[in-house]
Structures are given as C-alpha cells and as structure tokens.
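What follows is a single structure, written as structure tokens, with notes after it.
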Amino acid sequence: MKKIKKAYKRLIEYIITNRLFLSYVILSFISTIIVQELTVGSATTIYASITNIGLIILIGAFGYFIKPKKQFRYYFIWLCFYCLLGIINSIYYVFYNNFSSAGDLATLSQAETVTGSIFDRLDPTLILFILIPILFYIIHRKLSCSSYYSFVDKTEKSKLMFLGTSIVAIFFIAISFLNAGSGDYSRLKKQWYRQYIVERFGILLYHGNDLVQTLKPKISSLFGYEDALELFKNYFSSEESQMYREPNKYTGILKGKNIVFVHMEGMQTFLMDLKFNGGEVTPYLNALAKEGMFFPHFYPQISTGTSSDTEFTMSSSLMPAVSGTVFINYYRNNYNTTMKILGNLGYYTYSMHGNDATMWGRNKAHPSLGYQGLYFSEHFDFTDDDVINLGINDKLFFKEAIPIMEEIEESYPNYMAEVITLSNHSPFTFTDKYGEFDLSETTTVLNEQTGEYEEITTNYLEDTAVGNYIHSAHYADSALGDFISYIKNSDYFNDTVFVFYGDHDAKLTRKELNYLHNHKITDGEVYEEDEEGYTPYDSFDHSLSKNTPLIIWTKNPELKNVLKGTVDYYMGMLDLQPTILNMFGLSNEYALGHDIFTIKDNNVIPFPDGSFLTNAMYYNNSVEEYKSINTNIVIDDDYVTSRKEYVENLLEVSNSIILYDLLDKKEATSE
C-alpha cells in the first residue's frame, strides 16, 4: 500500500512539475487524431497512436535541455508544425485522396490558380488546428502568472528528465515496430503507398520517412542509384517486359498521318449514360463515340499532378512520380515521349491551352518533353468575361484554336498536337456561364389523400456538387460539339486522327456521387442500403466509376472505316502511347504500358497507390481486398498475388526511371 501511495505521489509531482510538457504532448496527439479523422475517416489505429505519441514525446524530450522559461517557444513551434501538417494533409486529402509529400512542396506555386476549388471544399473542423496552438498559449500564460516556471527552474534536472522521457518514447516506438510485419516494413521503405503507412505508423513517422525518401535521390551517388539501375536492367531484359509486343491489324495504319490529342478536362464516362427528361448530358461526346473507336473502360493513372500526370503518362507510358510531380520536380530528365519519337521523323509538335503556360510548369516541362511550339493564353484574344475558372472558356478557346491549327497544317508536312481544354475544372461554380440544362426528373407517386396516382417533377440535383458538375460537363460537351463541327466543315484535317481522352475524374467524393445514384425523387432524401430502390455504390464502385472517355476519331474516309466500334478491353493511360505508336508502326522500348490490341484481356492497370484493375477484378491496396467484376473468371490467391507483385515491381521501375533519370543513361544499361 505504501508503494502505491509513493508511486501516486510521484505521479502527482511529475504532473505538477511538467504541466507545460504534458500539455504539449496531449494537444499534439489530439492534432494527429484530428487529421486522421478528417482523412482516412477513423480517428486512428492503435499502432499509429503509439507511434505518434512516441515521436511526440521523443521530440519533446529535447526541450528539457532548454531553460523552463524558454521551453514554451520550443514546444509551441513543434505544436504549430503538427497543426500545419494537419491542415495541409486534410485539404490535400480532399483533392487527391492521399497524403502530402515533401516532394509536393514545389507544387504549392500552383495553389493560387485553384483557390476556388480549395475554399469551396474546406471542412469547418480545420479551425481546430488553429485553436490548439491558441489553447497552448493560454496554458502558458496561466503558468507564467503562477510560480510554475520559477519553481521548475530550481528543481528540474534536465539530463535526467531527457533520459527518462526518451526511454519512454523509445518504448512506445519499439512496441509499434516490434509488432510490424515484413509487409509493413516493405511499404514503409517504398513509401508510394502513403495511406497505409499513415494508418499503420502514424502521420508523423510517415512525414519523417517521406522526407528521407525524398532526399535520397538528391544524393543518388550515395543512396539507391545502383539498386535502381539493377532493377531497371532486370525488368527490361526479362521475358515479361517483352511480351505482347508483336504486331496486330492496326500496326502502321497511321503512317504519314497527323495526330491531335484533345485533353478533355474532368470528363468522366458515366456522364455519357445520363439523361434528364430525355436530354443527354453529353450528346456530342455520345455521337463522337458512335462515329469513332470508343474505349468505355479507360482509366487515367494520376497522383499529385492530376492533369499534368495525365499528360506525362499519356506521352511517356510511365507512371506519375511517387513524390512531387514530373512537370515540377523532374521535368529536366530524359523520357521517351511520343513528341520526341514523332519529332525525330520530322513532325512539328505543339501544345495548346487556354491557361498561363506557367500552370503546372508547362512552359518548362512541355519543351523538355519534346513540344516544339507552345500556344497558351498569350496567343488568344479574350477578356475577363470570357474566362471560366482557370482560363479561356472552351467555346472561345476552340474557336480561336482552329485558325492556328489550320495555319500549322499549311506550314508543316506533318504535325502532332495536344489541345488541352479547361472549362470543366472544379469547383464547377460558374453556373451562370454554363447555359441552360434541365436537371429535373419526373415520377409517378400515390396521393394518399385522393388515392390517385399523379406525376410530380423535382429538381433535387440543382445546386448540389454533382448537379453543378453535370451542368459544367454539359457546357464542355457543347464546346466540344462546336469544335467537331468546325473540323468537319474545314478544308483541313483530312489526314488527321483525333484522340479525345478524359484526363481524370472530377474529384467528387463518394458521398457526393452517391446522391446522384440514390437521391429520392419524391423528397430529395437519400435511399439507405436496406430500402427498396437503393442502388449499391460502395468504395469499390466509386473507384470503378473514375473511368474517362477515350475516343479515336477521324474524318479521313479510309481510316474512319477502320477506326470505329466499341473496344471493351480494360485499358489505362499507361497503354495509350504504345497503342498509338503501334498505329504509326513505331514503339517505345521503355514503355511500361502495352498496345491494347496486342495484350487485349490480359492487361493489368496499375494505380499509383498499388491498387490495380483487370477485366476480372479491382484490387484496393488500401484495404487489401478486391471486387469481382466478371463472374465468368475464377479468381484465386495466385491470380491476385501474381498481379500484385507485377504492379509493385512496375511502380518501382517507373519511379526509379524518374528519380534517377535512367533513360538519360541508357548507355549504361547496355554494358
């Protein structure tokens, strides 16, 4: 009993003499709980909590080397840092469904161009990250008004307190690491699976590890280069990498032709199936799909760089960078791009966009990738009234782009272009400029008072996030229709093939899109899972709904009879370059994707977080579970494991090429 009383007395003494330190630990830990609640949706896991507490205590232990009266500044700086991490990651997660990286800091220069999207989706709970440091300051003021600092200054034994506190911190961290499996350590080392690392090891260890991983390639002569080069050599000398490279019936059909890639901002495939009161949301895109070759199961593979990631993957058949973006962080490196390959054959290559050339660093990245001409906002005549969101509205952009494109066709025997649209960009709030489109729906209901059925018309999607997106997409589709009409009526483009592709999904949340599927026409409420009329829409369905249109179209009379029909193979942006290059009779020996007409149903679509998609299943690497999408195909453990290993290896190879600029050192691979 005496020992218990003695221990209790020491505990009380410790609390009384370490109130500032304990306040720092408690408030810091609360900040980590908040950020995980706002991101992954659960406050924390036991091991993430243990690791976070351990690191917070370990960092705090060094405060004991500072005189008590000055400790507040040390702890306050760290507390503000934790809260800043919380704010950044909470906002970042809304847009990218992922956590920020040290390599992403260079992309902050792009934030001013998308402030509308950011402020439109801020969570009020973020105010807690501001209140926490304020509360800590109030505690400090209270302690200052007492004799706390004077008393502690006389009694505190800094070295002893540091040692004891550090032992406690290391004990917490050791518990977390000793209970980690080999798979946990593997993911921590690779770092590309950010969400799992945060859920398993906590937000603080994730960022510490991320900083180390980001700095490694900066000193590549010391860390990782030899391993990366060996991995590169092994991959491209393996039989697996050489499979599915044989010719097919489309090989060489575009020799001598021109090609224009039309980048359709935020356009998703599900829009093509939507009708309201008989009116199609995307009538022109639907007509284009019927006239050309349509790929309904086409999936972009994006990370932090969104549109710029799509442009990079589309042109290089490499995955986006794990940390940061190629356009900002790694644009100086050498890549085997479509622009360079066609440019070497005498093609004039150019890009067009209604925004400033500095957005996503395109003024530097595009020339590095092989574009010879850049036609951005300074080449167009417009006023502020002509702007939707980030730049010139699509209707005016297309209208002014046509004469430039026709002039280029007159000046060069062959050309390749990328035309980047812009209006269908979040936050989809320019409703006064989108034009009219009726989102109302009509249904028949029983009038309980009269006992008779009657029709009611409602418009519950109006002014919702998904409703505004539909309005925006309908406007973008109308502008696309104008462009196609211009092309068809022009005397030019008779030997030109157009590739229309959606760059990425609209970044709507599962909850926002679920409202489209499950709102009740009668009262605007949402169907619950156990109600009749409910349409299943789980996290797997949400991921599978992120496909975007891919259409290859031409008005060339000979080619239009070949480039037609619906192609049901599952395909990623990674596969676009090999598919198109094969049509020119060309190839990129370092492509990580495949010509879809050769690989067909054997394709595996990798995503940057390690998830993947085949014609049989979608595997979510976050929860390590899959959803079958084809009941005719048997899925066993070997099927899943082999494809998971393939994806992990491919991601490592791609990131190694980017981080260590391996394609600029190709001569080393042949030694």
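Every chain in the structure tokens has a letter given in the order shown (A, B, ...), and although residue numbers restart at 1 in each chain, ligands are simply numbered from 1 in the order shown.
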
- Message: With only C-alpha atoms as the counted atoms, please give the residues lying no more than 8 Å from stretch 503-510 of chain A, apart from itself and same-chain residues fewer than 4 positions off, as an NGL selection string.
- Response: :A and (95-96 or 263-268 or 299-302 or 306-307 or 310-311 or 425-426 or 465-466 or 469 or 514 or 538-539 or 542 or 546-548)

- Message: For the helix (DSSP H, G or I) assignment from backbone DSSP, which residues of stretch 232-351 of chain A qualify? Please present them as a PyMOL selection string.
- Response: chain A and resi 232-236+239-242+269-273+283-291+307-316+326-329+338-343

- Using the chain letters and numbers from this document, which residues of stretch 339-571 of chain A does DSSP assign to strand (DSSP E), as a PyMOL selection string? chain A and resi 348-353+373-375+387-388+391-392+415-420+441-447+452-458+496-502+550-554+565-566+571

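Using only C-alpha atoms, the contacts of stretch 584-599 of chain A at a cut-off of 6 Å, with sequence neighbours closer than 2 positions omitted, comprise Tyr244, Thr251, Gly252, Leu254, Lys255, Ser317, Leu318, Leu574, Asp575, Pro578, Thr579, Leu581, Asn582, Asn602 and Asn603 of chain A.
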
Requested write-out: C-alpha atoms of the selected residues, as a short mmCIF file (atom, residue, chain, number, x, y, z; two decimals), in the first residue's frame:
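Final output, saved to out_22.cif:
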data_model
loop_
_atom_site.label_atom_id
_atom_site.label_comp_id
_atom_site.auth_asym_id
_atom_site.auth_seq_id
_atom_site.Cartn_x
_atom_site.Cartn_y
_atom_site.Cartn_z
CA TYR A 244 2.68 -8.51 -76.03
CA THR A 251 0.16 -1.74 -86.92
CA GLY A 252 1.28 1.08 -89.22
CA LEU A 254 -1.33 5.91 -89.29
CA LYS A 255 2.00 6.15 -91.11
CA SER A 317 3.98 5.34 -70.83
CA LEU A 318 5.48 5.84 -67.35
CA LEU A 574 -0.21 3.95 -69.46
CA ASP A 575 -1.29 1.95 -72.52
CA PRO A 578 2.13 2.05 -77.04
CA THR A 579 -1.27 1.71 -78.72
CA LEU A 581 2.74 4.40 -81.60
CA ASN A 582 1.96 0.93 -82.94
CA ASN A 602 -4.55 -9.87 -70.30
CA ASN A 603 -3.98 -6.25 -69.33
#

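For stretch 139-149 of chain A, the non-local neighbours within 8 Å, defined as residues at least 2 positions apart in the same chain or in other chains and counting only C-alpha atoms, are A:Thr17, A:Leu20, A:Ser23, A:Pro68, A:Lys69, A:Phe72, A:Leu135, A:Phe136, A:Tyr137, A:Phe151, A:Val152, A:Asp153.
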
- Message: Env of stretch 379-390 of chain A: 7 Å cut, atoms = only C-alpha atoms, seq-sep filter 6 positions within chain, self excluded. Answer as a PyMOL selection string.
- Response: chain A and resi 113+355+400+422-423+425+430

- Message: Residues near A:Phe129, anyone? I mean within 12 Å using only C-alpha atoms, not counting same-chain ones fewer than 2 positions away, as a VMD selection string.
- Response: chain A and resid 27 to 35 38 79 to 90 123 to 127 131 to 136

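Interatomic distance, atom CA of A:Ser485 against atom CA of A:Ile402: 11.0 Å.
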
- Would you mind listing what lies within 10 Å of A:Tyr74 as a PyMOL selection string, with only C-alpha atoms counted and same-chain residues fewer than 3 positions away left out? chain A and resi 59-60+62-64+66+70-71+77-79

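Taking atom CA of A:Thr496 and atom CA of A:Gly292 as the two end points, the separation is 13.2 Å.
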
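If you measure from each of A:Tyr235, A:Val634, A:Met573, A:His519 to A:Ser316 using only C-alpha atoms, the closest one turns out to be A:Met573.
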
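Picture a line from atom CA of A:Asn620 to atom CA of A:Gly181; it runs 19.4 Å.
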